file start-v9.txt (compact mmCIF, C-alpha atoms)
# COMPACT_ATOMS: atom_id res chain seq x y z
CA ASN A 842 -153.84 54.20 -14.29
CA ALA A 843 -153.27 54.22 -10.51
CA GLY A 844 -153.42 50.45 -9.91
CA VAL A 845 -154.10 49.66 -6.24
CA THR A 846 -154.34 52.59 -3.85
CA GLN A 847 -154.22 52.15 -0.09
CA THR A 848 -154.87 54.81 2.53
CA PRO A 849 -153.57 55.78 4.98
CA LYS A 850 -149.86 54.98 4.64
CA PHE A 851 -149.24 55.23 8.38
CA GLN A 852 -151.55 55.03 11.38
CA VAL A 853 -151.18 54.90 15.15
CA LEU A 854 -154.12 53.62 17.15
CA LYS A 855 -154.79 53.20 20.82
CA THR A 856 -155.88 49.80 22.08
CA GLY A 857 -159.63 49.43 21.65
CA GLN A 858 -160.02 52.01 18.90
CA SER A 859 -161.53 51.06 15.57
CA MET A 860 -160.55 52.17 12.11
CA THR A 861 -160.95 51.37 8.43
CA LEU A 862 -158.11 50.81 6.00
CA GLN A 863 -159.12 51.82 2.51
CA CYS A 864 -158.24 49.98 -0.69
CA ALA A 865 -159.28 50.87 -4.21
CA GLN A 866 -158.31 49.45 -7.60
CA ASP A 867 -159.01 50.74 -11.08
CA MET A 868 -158.21 47.62 -13.11
CA ASN A 869 -161.69 46.07 -12.92
CA HIS A 870 -160.28 43.03 -11.13
CA GLU A 871 -162.87 40.77 -9.60
CA TYR A 872 -160.51 39.41 -6.95
CA MET A 873 -159.23 41.50 -4.03
CA SER A 874 -157.50 40.51 -0.83
CA TRP A 875 -155.93 41.82 2.36
CA TYR A 876 -152.67 40.55 3.83
CA ARG A 877 -150.68 41.40 6.89
CA GLN A 878 -146.90 41.19 6.92
CA ASP A 879 -144.99 40.60 10.12
CA PRO A 880 -141.21 40.20 10.43
CA GLY A 881 -140.05 36.73 9.45
CA MET A 882 -143.56 35.51 8.60
CA GLY A 883 -144.14 36.65 5.07
CA LEU A 884 -147.66 37.63 4.06
CA ARG A 885 -150.67 36.09 5.70
CA LEU A 886 -154.11 36.30 4.14
CA ILE A 887 -156.75 38.04 6.27
CA HIS A 888 -159.84 38.22 4.04
CA TYR A 889 -160.52 38.05 0.35
CA SER A 890 -163.30 38.72 -2.13
CA VAL A 891 -164.05 37.11 -5.48
CA GLY A 892 -166.48 39.82 -6.52
CA ALA A 893 -168.87 42.49 -5.30
CA GLY A 894 -170.99 41.16 -2.47
CA ILE A 895 -168.81 38.08 -1.91
CA THR A 896 -166.17 37.85 0.82
CA ASP A 897 -164.49 35.03 2.67
CA GLN A 898 -161.99 34.47 5.44
CA GLY A 899 -158.33 33.83 4.97
CA GLU A 900 -155.73 32.48 7.35
CA VAL A 901 -155.94 35.15 10.08
CA PRO A 902 -159.42 36.79 10.00
CA ASN A 903 -160.06 37.33 13.72
CA GLY A 904 -160.46 40.98 14.69
CA TYR A 905 -161.07 42.15 11.11
CA ASN A 906 -164.16 42.72 9.00
CA VAL A 907 -164.51 43.36 5.28
CA SER A 908 -167.24 44.18 2.82
CA ARG A 909 -167.29 44.55 -0.97
CA SER A 910 -170.09 46.74 -2.20
CA THR A 911 -168.37 47.69 -5.47
CA THR A 912 -165.78 46.08 -7.74
CA GLU A 913 -163.35 48.92 -7.03
CA ASP A 914 -163.31 49.12 -3.22
CA PHE A 915 -162.44 46.63 -0.51
CA PRO A 916 -162.10 48.27 2.93
CA LEU A 917 -160.69 46.44 5.93
CA ARG A 918 -162.13 47.30 9.33
CA LEU A 919 -160.38 46.77 12.63
CA LEU A 920 -163.15 46.42 15.18
CA SER A 921 -161.23 46.93 18.43
CA ALA A 922 -157.51 47.37 17.85
CA ALA A 923 -155.05 45.26 19.82
CA PRO A 924 -151.24 45.49 20.01
CA SER A 925 -151.09 42.12 18.21
CA GLN A 926 -152.52 43.87 15.15
CA THR A 927 -149.43 46.03 14.82
CA SER A 928 -148.27 45.13 11.35
CA VAL A 929 -147.95 46.26 7.76
CA TYR A 930 -151.14 45.68 5.78
CA PHE A 931 -151.25 45.13 2.04
CA CYS A 932 -154.19 45.11 -0.30
CA ALA A 933 -153.94 43.25 -3.59
CA SER A 934 -156.09 42.69 -6.66
CA SER A 935 -155.96 40.26 -9.56
CA SER A 936 -158.06 38.32 -12.01
CA TRP A 937 -158.81 34.63 -11.96
CA THR A 938 -159.10 32.55 -15.10
CA GLY A 939 -159.74 28.87 -15.74
CA GLN A 940 -156.02 28.39 -15.11
CA GLY A 941 -156.02 30.15 -11.78
CA SER A 942 -154.76 33.53 -10.64
CA THR A 943 -153.15 36.09 -12.87
CA GLU A 944 -150.47 38.37 -11.48
CA ALA A 945 -151.50 40.22 -8.32
CA PHE A 946 -151.05 43.97 -8.01
CA PHE A 947 -150.26 45.29 -4.55
CA GLY A 948 -150.80 48.60 -2.88
CA GLN A 949 -147.94 50.36 -1.12
CA GLY A 950 -149.05 49.20 2.30
CA THR A 951 -150.36 50.69 5.53
CA ARG A 952 -148.02 50.61 8.51
CA LEU A 953 -150.22 50.29 11.59
CA THR A 954 -149.03 50.61 15.16
CA VAL A 955 -151.37 49.85 18.06
CA VAL A 956 -150.23 51.22 21.42
CA SER F 475 -150.23 27.59 7.80
CA GLN F 476 -148.15 28.89 4.93
CA GLN F 477 -147.94 26.78 1.84
CA GLY F 478 -144.64 27.91 0.43
CA GLU F 479 -141.27 28.04 2.11
CA GLU F 480 -138.28 29.80 0.60
CA ASP F 481 -134.71 28.76 1.08
CA PRO F 482 -132.32 30.25 2.01
CA GLN F 483 -133.77 32.89 4.33
CA ALA F 484 -130.98 35.29 3.37
CA LEU F 485 -128.41 35.48 0.61
CA SER F 486 -125.47 37.86 0.13
CA ILE F 487 -123.67 37.97 -3.20
CA GLN F 488 -121.25 40.15 -5.12
CA GLU F 489 -122.49 42.28 -7.99
CA GLY F 490 -122.31 40.28 -11.21
CA GLU F 491 -122.81 36.92 -9.51
CA ASN F 492 -125.90 34.77 -9.87
CA ALA F 493 -128.45 34.37 -7.08
CA THR F 494 -130.54 31.24 -6.66
CA MET F 495 -133.39 30.75 -4.24
CA ASN F 496 -135.79 27.89 -3.82
CA CYS F 497 -139.43 27.47 -2.88
CA SER F 498 -141.04 24.28 -1.63
CA TYR F 499 -144.77 23.79 -1.24
CA LYS F 500 -147.07 21.15 0.14
CA THR F 501 -150.10 20.57 -2.07
CA SER F 502 -151.06 20.61 -5.74
CA ILE F 503 -151.09 24.03 -7.37
CA ASN F 504 -152.55 25.82 -10.37
CA ASN F 505 -149.53 28.04 -10.71
CA LEU F 506 -146.61 29.47 -8.78
CA GLN F 507 -145.60 33.10 -8.80
CA TRP F 508 -142.52 35.02 -7.70
CA TYR F 509 -142.64 38.54 -6.29
CA ARG F 510 -140.03 41.10 -5.27
CA GLN F 511 -140.35 43.53 -2.40
CA ASN F 512 -138.02 46.46 -1.95
CA SER F 513 -137.65 47.70 1.59
CA GLY F 514 -140.81 49.36 2.83
CA ARG F 515 -142.65 48.97 -0.46
CA GLY F 516 -145.42 46.80 -1.89
CA LEU F 517 -144.79 43.55 -3.71
CA VAL F 518 -144.11 43.56 -7.43
CA HIS F 519 -144.91 40.58 -9.62
CA LEU F 520 -141.91 39.04 -11.38
CA ILE F 521 -143.03 35.86 -13.11
CA LEU F 522 -145.82 33.29 -13.14
CA ILE F 523 -145.27 29.65 -14.05
CA ARG F 524 -148.20 27.29 -14.54
CA SER F 525 -148.31 23.75 -13.24
CA ASN F 526 -147.86 22.30 -16.75
CA GLU F 527 -144.73 24.39 -17.41
CA ARG F 528 -141.21 23.43 -16.37
CA GLU F 529 -139.18 26.53 -17.05
CA LYS F 530 -139.79 30.17 -17.79
CA HIS F 531 -137.54 33.14 -18.53
CA SER F 532 -138.00 36.87 -18.17
CA GLY F 533 -134.96 39.04 -18.80
CA ARG F 534 -132.32 38.02 -16.22
CA LEU F 535 -134.81 35.83 -14.36
CA ARG F 536 -135.17 32.09 -14.82
CA VAL F 537 -137.80 30.11 -12.96
CA THR F 538 -138.12 26.34 -12.86
CA LEU F 539 -140.94 24.24 -11.51
CA ASP F 540 -140.78 20.57 -10.52
CA THR F 541 -144.28 19.46 -9.57
CA SER F 542 -143.09 15.95 -8.65
CA LYS F 543 -140.84 17.45 -5.97
CA LYS F 544 -143.25 20.30 -5.22
CA SER F 545 -140.49 22.84 -5.62
CA SER F 546 -139.51 25.86 -7.67
CA SER F 547 -136.34 27.88 -8.07
CA LEU F 548 -135.69 31.48 -9.04
CA LEU F 549 -132.35 32.34 -10.62
CA ILE F 550 -131.23 35.94 -11.04
CA THR F 551 -128.27 36.16 -13.37
CA ALA F 552 -125.61 38.89 -13.40
CA SER F 553 -126.99 40.51 -10.26
CA ARG F 554 -127.02 44.26 -9.76
CA ALA F 555 -127.28 46.45 -6.67
CA ALA F 556 -130.88 47.17 -7.68
CA ASP F 557 -131.71 43.47 -7.19
CA THR F 558 -131.27 43.91 -3.43
CA ALA F 559 -134.74 43.04 -2.12
CA SER F 560 -136.82 40.30 -0.58
CA TYR F 561 -138.18 37.65 -2.91
CA PHE F 562 -141.35 35.69 -2.24
CA CYS F 563 -142.96 32.71 -3.88
CA ALA F 564 -146.74 32.47 -3.91
CA THR F 565 -148.79 29.40 -4.70
CA ASP F 566 -152.26 29.37 -6.20
CA LEU F 567 -154.12 26.47 -4.64
CA ASN F 568 -157.18 26.71 -6.90
CA ASP F 569 -159.24 27.96 -3.98
CA TYR F 570 -159.04 31.68 -4.69
CA LYS F 571 -156.17 32.08 -2.28
CA LEU F 572 -152.57 33.04 -2.98
CA SER F 573 -150.34 31.67 -0.24
CA PHE F 574 -146.97 33.35 0.34
CA GLY F 575 -143.80 32.06 1.89
CA ALA F 576 -141.64 33.97 4.37
CA GLY F 577 -139.26 35.14 1.65
CA THR F 578 -135.56 35.23 0.83
CA THR F 579 -133.68 38.45 1.53
CA VAL F 580 -131.06 39.08 -1.14
CA THR F 581 -128.25 41.58 -0.66
CA VAL F 582 -126.08 42.42 -3.65
CA ARG F 583 -122.72 43.92 -2.64
CA ALA F 584 -120.99 46.40 -4.92
call {"tool": "encode", "arguments": {"input": "start-v9.txt", "output": "structure tokens"}}
result
Amino acid sequence: NAGVTQTPKFQVLKTGQSMTLQCAQDMNHEYMSWYRQDPGMGLRLIHYSVGAGITDQGEVPNGYNVSRSTTEDFPLRLLSAAPSQTSVYFCASSSWTGQGSTEAFFGQGTRLTVV
Amino acid sequence: SQQGEEDPQALSIQEGENATMNCSYKTSINNLQWYRQNSGRGLVHLILIRSNEREKHSGRLRVTLDTSKKSSSLLITASRAADTASYFCATDLNDYKLSFGAGTTVTVRA
């Protein structure tokens, strides 16, 4: 049982390049999300999905796109990388019940540097 | 804006001592969760407390929730070097979003 798998672990991009961060989970969770973590700011929600075919914006969605074609996968696309997108990115998955979220499982993160 | 705010930002204690950190939030919640992050790693879930619960225990962890004050505390008893990490609270706002605070960095000295 792998949990949440993110690839790549490290990436350096030039300004203006595009790329896709991959996220896959094998726990059949309906809910998946992407966060970015910057020093002193905790985790900020970029986009999330409550099921295949359904996505929505979080707190800081500008410059990022997502799609959810399957329950397992939730890729994050950077359209035109900017230095302000230098950060550590985390993917997470969980279930939601009538009492709200269950525990979230996180990937190991992708450390992205935009030069 | 972030819902939860942890206090203090950093905490340094001696091995064997207890560590207490607090989380305040702004709006009504379904539940509140605490996570640990070791340096350079992903977050690991520690404990979840629902809005109708006041206290919860898990091993050396004790979490309290006061919905009237919109605050929670995490107590780690008999700390160990392995407890050195950052600790985050996350609030479930019943809108399919988990909102995280900026975290408390705990250093346990041998």
call {"tool": "residues_around", "arguments": {"input": "start-v9.txt", "residues": "Glu529 in chain F", "least_positions_apart": "5", "cutoff": "12 Å", "atoms": "only C-alpha atoms", "output": "PyMOL selection string"}}
result
chain F and resi 506+521-524+535-541+546-549
call {"tool": "interface_residues", "arguments": {"input": "start-v9.txt", "of": "chain F", "to": "chain A", "cutoff": "7 Å", "atoms": "all atoms listed in the file", "output": "list of chain:residue names"}}
result
F:Asn504, F:Asn505, F:Arg515, F:Gly516, F:Leu517, F:Val518, F:His519, F:Asp566, F:Asn568, F:Phe574, F:Gly575, F:Ala576, F:Gly577
call {"tool": "closest_residue", "arguments": {"input": "start-v9.txt", "among": "F:Glu491, F:Asp481, F:Ser486, F:Ile503", "to": "Ala564 in chain F", "atoms": "all atoms listed in the file"}}
result
F:Ile503
call {"tool": "atom_distance", "arguments": {"input": "start-v9.txt", "atom1": "CA of Pro482 in chain F", "atom2": "CA of Leu953 in chain A"}}
result
28.5 Å
call {"tool": "atom_distance", "arguments": {"input": "start-v9.txt", "atom1": "CA of Tyr561 in chain F", "atom2": "CA of Ser502 in chain F"}}
result
21.5 Å
call {"tool": "atom_distance", "arguments": {"input": "start-v9.txt", "atom1": "CA of Asn512 in chain F", "atom2": "CA of Asp557 in chain F"}}
result
8.7 Å
call {"tool": "closest_residue", "arguments": {"input": "start-v9.txt", "among": "A:Ser910, A:Thr927, A:Ser934, A:Thr856", "to": "Met868 in chain A", "atoms": "only C-alpha atoms"}}
result
A:Ser934
call {"tool": "residues_near_point", "arguments": {"input": "start-v9.txt", "point": "(-161.1, 48.0, -6.7)", "cutoff": "10 Å", "atoms": "all atoms listed in the file", "output": "list in words"}}
result
Gly844, Val845, Thr846, Cys864, Ala865, Gln866, Asp867, Met868, Asn869, His870, Glu871, Tyr872, Met873, Gly892, Ala893, Arg909, Thr911, Thr912, Glu913, Asp914, Phe915, Pro916, Cys932, Ala933, Ser934 and Ser935 of chain A
call {"tool": "write_last_selection", "arguments": {"input": "start-v9.txt", "atoms": "C-alpha atoms", "output": "PDB file, in the coordinates of the input"}}
result
ATOM      1  CA  GLY A 844    -153.420  50.450  -9.910  1.00  0.00           C
ATOM      2  CA  VAL A 845    -154.100  49.660  -6.240  1.00  0.00           C
ATOM      3  CA  THR A 846    -154.340  52.590  -3.850  1.00  0.00           C
ATOM      4  CA  CYS A 864    -158.240  49.980  -0.690  1.00  0.00           C
ATOM      5  CA  ALA A 865    -159.280  50.870  -4.210  1.00  0.00           C
ATOM      6  CA  GLN A 866    -158.310  49.450  -7.600  1.00  0.00           C
ATOM      7  CA  ASP A 867    -159.010  50.740 -11.080  1.00  0.00           C
ATOM      8  CA  MET A 868    -158.210  47.620 -13.110  1.00  0.00           C
ATOM      9  CA  ASN A 869    -161.690  46.070 -12.920  1.00  0.00           C
ATOM     10  CA  HIS A 870    -160.280  43.030 -11.130  1.00  0.00           C
ATOM     11  CA  GLU A 871    -162.870  40.770  -9.600  1.00  0.00           C
ATOM     12  CA  TYR A 872    -160.510  39.410  -6.950  1.00  0.00           C
ATOM     13  CA  MET A 873    -159.230  41.500  -4.030  1.00  0.00           C
ATOM     14  CA  GLY A 892    -166.480  39.820  -6.520  1.00  0.00           C
ATOM     15  CA  ALA A 893    -168.870  42.490  -5.300  1.00  0.00           C
ATOM     16  CA  ARG A 909    -167.290  44.550  -0.970  1.00  0.00           C
ATOM     17  CA  THR A 911    -168.370  47.690  -5.470  1.00  0.00           C
ATOM     18  CA  THR A 912    -165.780  46.080  -7.740  1.00  0.00           C
ATOM     19  CA  GLU A 913    -163.350  48.920  -7.030  1.00  0.00           C
ATOM     20  CA  ASP A 914    -163.310  49.120  -3.220  1.00  0.00           C
ATOM     21  CA  PHE A 915    -162.440  46.630  -0.510  1.00  0.00           C
ATOM     22  CA  PRO A 916    -162.100  48.270   2.930  1.00  0.00           C
ATOM     23  CA  CYS A 932    -154.190  45.110  -0.300  1.00  0.00           C
ATOM     24  CA  ALA A 933    -153.940  43.250  -3.590  1.00  0.00           C
ATOM     25  CA  SER A 934    -156.090  42.690  -6.660  1.00  0.00           C
ATOM     26  CA  SER A 935    -155.960  40.260  -9.560  1.00  0.00           C
TER      27      SER A 935
END
call {"tool": "decode", "arguments": {"input": "start-v9.txt", "residues": "range 924-939 of chain A", "atoms": "all heavy atoms", "output": "PDB file, in the first residue's frame"}}
result
ATOM      1  N   PRO A 924       9.263  32.814 -10.826  1.00  0.00           N
ATOM      2  CA  PRO A 924      10.048  32.654  -9.593  1.00  0.00           C
ATOM      3  C   PRO A 924       9.190  32.616  -8.327  1.00  0.00           C
ATOM      4  O   PRO A 924       9.560  31.949  -7.353  1.00  0.00           O
ATOM      5  CB  PRO A 924      10.972  33.876  -9.612  1.00  0.00           C
ATOM      6  CG  PRO A 924      11.157  34.164 -11.071  1.00  0.00           C
ATOM      7  CD  PRO A 924       9.813  33.871 -11.699  1.00  0.00           C
ATOM      8  N   SER A 925       8.046  33.281  -8.344  1.00  0.00           N
ATOM      9  CA  SER A 925       7.154  33.281  -7.178  1.00  0.00           C
ATOM     10  C   SER A 925       6.543  31.895  -6.913  1.00  0.00           C
ATOM     11  O   SER A 925       5.958  31.672  -5.847  1.00  0.00           O
ATOM     12  CB  SER A 925       6.026  34.301  -7.374  1.00  0.00           C
ATOM     13  OG  SER A 925       5.252  33.961  -8.523  1.00  0.00           O
ATOM     14  N   GLN A 926       6.673  30.995  -7.866  1.00  0.00           N
ATOM     15  CA  GLN A 926       6.165  29.641  -7.683  1.00  0.00           C
ATOM     16  C   GLN A 926       7.209  28.695  -7.108  1.00  0.00           C
ATOM     17  O   GLN A 926       6.941  27.504  -6.939  1.00  0.00           O
ATOM     18  CB  GLN A 926       5.603  29.099  -9.001  1.00  0.00           C
ATOM     19  CG  GLN A 926       4.366  29.852  -9.466  1.00  0.00           C
ATOM     20  CD  GLN A 926       3.822  29.342 -10.780  1.00  0.00           C
ATOM     21  OE1 GLN A 926       4.549  29.289 -11.790  1.00  0.00           O
ATOM     22  NE2 GLN A 926       2.558  28.980 -10.801  1.00  0.00           N
ATOM     23  N   THR A 927       8.379  29.218  -6.815  1.00  0.00           N
ATOM     24  CA  THR A 927       9.379  28.439  -6.097  1.00  0.00           C
ATOM     25  C   THR A 927       8.824  28.097  -4.726  1.00  0.00           C
ATOM     26  O   THR A 927       8.461  28.983  -3.947  1.00  0.00           O
ATOM     27  CB  THR A 927      10.690  29.235  -5.956  1.00  0.00           C
ATOM     28  OG1 THR A 927      11.260  29.414  -7.250  1.00  0.00           O
ATOM     29  CG2 THR A 927      11.673  28.503  -5.049  1.00  0.00           C
ATOM     30  N   SER A 928       8.722  26.801  -4.439  1.00  0.00           N
ATOM     31  CA  SER A 928       8.059  26.368  -3.226  1.00  0.00           C
ATOM     32  C   SER A 928       8.189  24.857  -3.096  1.00  0.00           C
ATOM     33  O   SER A 928       8.743  24.188  -3.971  1.00  0.00           O
ATOM     34  CB  SER A 928       6.570  26.763  -3.277  1.00  0.00           C
ATOM     35  OG  SER A 928       5.928  26.519  -2.044  1.00  0.00           O
ATOM     36  N   VAL A 929       7.663  24.329  -1.999  1.00  0.00           N
ATOM     37  CA  VAL A 929       7.516  22.894  -1.856  1.00  0.00           C
ATOM     38  C   VAL A 929       6.027  22.577  -1.999  1.00  0.00           C
ATOM     39  O   VAL A 929       5.194  23.191  -1.334  1.00  0.00           O
ATOM     40  CB  VAL A 929       8.032  22.395  -0.494  1.00  0.00           C
ATOM     41  CG1 VAL A 929       7.891  20.881  -0.412  1.00  0.00           C
ATOM     42  CG2 VAL A 929       9.487  22.805  -0.292  1.00  0.00           C
ATOM     43  N   TYR A 930       5.717  21.644  -2.870  1.00  0.00           N
ATOM     44  CA  TYR A 930       4.333  21.304  -3.187  1.00  0.00           C
ATOM     45  C   TYR A 930       3.971  19.948  -2.595  1.00  0.00           C
ATOM     46  O   TYR A 930       4.719  18.981  -2.735  1.00  0.00           O
ATOM     47  CB  TYR A 930       4.134  21.284  -4.703  1.00  0.00           C
ATOM     48  CG  TYR A 930       4.243  22.657  -5.308  1.00  0.00           C
ATOM     49  CD1 TYR A 930       5.482  23.200  -5.641  1.00  0.00           C
ATOM     50  CD2 TYR A 930       3.106  23.432  -5.521  1.00  0.00           C
ATOM     51  CE1 TYR A 930       5.592  24.476  -6.176  1.00  0.00           C
ATOM     52  CE2 TYR A 930       3.205  24.709  -6.052  1.00  0.00           C
ATOM     53  CZ  TYR A 930       4.451  25.229  -6.373  1.00  0.00           C
ATOM     54  OH  TYR A 930       4.547  26.497  -6.895  1.00  0.00           O
ATOM     55  N   PHE A 931       2.829  19.909  -1.947  1.00  0.00           N
ATOM     56  CA  PHE A 931       2.346  18.664  -1.350  1.00  0.00           C
ATOM     57  C   PHE A 931       0.978  18.315  -1.904  1.00  0.00           C
ATOM     58  O   PHE A 931       0.097  19.169  -2.025  1.00  0.00           O
ATOM     59  CB  PHE A 931       2.233  18.795   0.171  1.00  0.00           C
ATOM     60  CG  PHE A 931       3.559  18.842   0.872  1.00  0.00           C
ATOM     61  CD1 PHE A 931       4.105  20.055   1.264  1.00  0.00           C
ATOM     62  CD2 PHE A 931       4.270  17.679   1.122  1.00  0.00           C
ATOM     63  CE1 PHE A 931       5.327  20.103   1.910  1.00  0.00           C
ATOM     64  CE2 PHE A 931       5.497  17.718   1.764  1.00  0.00           C
ATOM     65  CZ  PHE A 931       6.029  18.932   2.158  1.00  0.00           C
ATOM     66  N   CYS A 932       0.822  17.041  -2.191  1.00  0.00           N
ATOM     67  CA  CYS A 932      -0.463  16.488  -2.569  1.00  0.00           C
ATOM     68  C   CYS A 932      -1.001  15.712  -1.369  1.00  0.00           C
ATOM     69  O   CYS A 932      -0.219  15.098  -0.626  1.00  0.00           O
ATOM     70  CB  CYS A 932      -0.290  15.560  -3.775  1.00  0.00           C
ATOM     71  SG  CYS A 932      -1.792  14.753  -4.324  1.00  0.00           S
ATOM     72  N   ALA A 933      -2.307  15.739  -1.184  1.00  0.00           N
ATOM     73  CA  ALA A 933      -2.911  15.029  -0.068  1.00  0.00           C
ATOM     74  C   ALA A 933      -4.206  14.382  -0.516  1.00  0.00           C
ATOM     75  O   ALA A 933      -4.858  14.846  -1.469  1.00  0.00           O
ATOM     76  CB  ALA A 933      -3.177  15.979   1.101  1.00  0.00           C
ATOM     77  N   SER A 934      -4.600  13.321   0.176  1.00  0.00           N
ATOM     78  CA  SER A 934      -5.889  12.695  -0.105  1.00  0.00           C
ATOM     79  C   SER A 934      -6.557  12.309   1.213  1.00  0.00           C
ATOM     80  O   SER A 934      -5.894  12.067   2.218  1.00  0.00           O
ATOM     81  CB  SER A 934      -5.725  11.466  -1.007  1.00  0.00           C
ATOM     82  OG  SER A 934      -5.212  10.371  -0.271  1.00  0.00           O
ATOM     83  N   SER A 935      -7.874  12.267   1.183  1.00  0.00           N
ATOM     84  CA  SER A 935      -8.636  11.880   2.373  1.00  0.00           C
ATOM     85  C   SER A 935     -10.050  11.519   1.955  1.00  0.00           C
ATOM     86  O   SER A 935     -10.422  11.647   0.779  1.00  0.00           O
ATOM     87  CB  SER A 935      -8.668  13.014   3.403  1.00  0.00           C
ATOM     88  OG  SER A 935      -9.377  14.134   2.886  1.00  0.00           O
ATOM     89  N   SER A 936     -10.812  11.085   2.923  1.00  0.00           N
ATOM     90  CA  SER A 936     -12.241  10.864   2.708  1.00  0.00           C
ATOM     91  C   SER A 936     -13.018  11.946   3.435  1.00  0.00           C
ATOM     92  O   SER A 936     -12.491  12.617   4.318  1.00  0.00           O
ATOM     93  CB  SER A 936     -12.647   9.493   3.250  1.00  0.00           C
ATOM     94  OG  SER A 936     -12.111   8.463   2.458  1.00  0.00           O
ATOM     95  N   TRP A 937     -14.260  12.118   3.037  1.00  0.00           N
ATOM     96  CA  TRP A 937     -15.149  13.031   3.732  1.00  0.00           C
ATOM     97  C   TRP A 937     -16.410  12.268   4.119  1.00  0.00           C
ATOM     98  O   TRP A 937     -16.984  11.541   3.312  1.00  0.00           O
ATOM     99  CB  TRP A 937     -15.502  14.228   2.839  1.00  0.00           C
ATOM    100  CG  TRP A 937     -14.350  15.169   2.720  1.00  0.00           C
ATOM    101  CD1 TRP A 937     -13.250  14.997   1.953  1.00  0.00           C
ATOM    102  CD2 TRP A 937     -14.171  16.396   3.408  1.00  0.00           C
ATOM    103  NE1 TRP A 937     -12.387  16.060   2.123  1.00  0.00           N
ATOM    104  CE2 TRP A 937     -12.925  16.928   3.001  1.00  0.00           C
ATOM    105  CE3 TRP A 937     -14.938  17.114   4.326  1.00  0.00           C
ATOM    106  CZ2 TRP A 937     -12.433  18.136   3.496  1.00  0.00           C
ATOM    107  CZ3 TRP A 937     -14.448  18.317   4.800  1.00  0.00           C
ATOM    108  CH2 TRP A 937     -13.211  18.818   4.386  1.00  0.00           C
ATOM    109  N   THR A 938     -16.818  12.420   5.358  1.00  0.00           N
ATOM    110  CA  THR A 938     -18.016  11.771   5.841  1.00  0.00           C
ATOM    111  C   THR A 938     -19.031  12.854   6.226  1.00  0.00           C
ATOM    112  O   THR A 938     -18.774  14.039   6.030  1.00  0.00           O
ATOM    113  CB  THR A 938     -17.706  10.920   7.088  1.00  0.00           C
ATOM    114  OG1 THR A 938     -17.413  11.806   8.176  1.00  0.00           O
ATOM    115  CG2 THR A 938     -16.502  10.019   6.849  1.00  0.00           C
ATOM    116  N   GLY A 939     -20.143  12.426   6.788  1.00  0.00           N
ATOM    117  CA  GLY A 939     -21.125  13.398   7.251  1.00  0.00           C
ATOM    118  C   GLY A 939     -20.593  14.270   8.371  1.00  0.00           C
ATOM    119  O   GLY A 939     -21.148  15.330   8.661  1.00  0.00           O
TER     120      GLY A 939
END
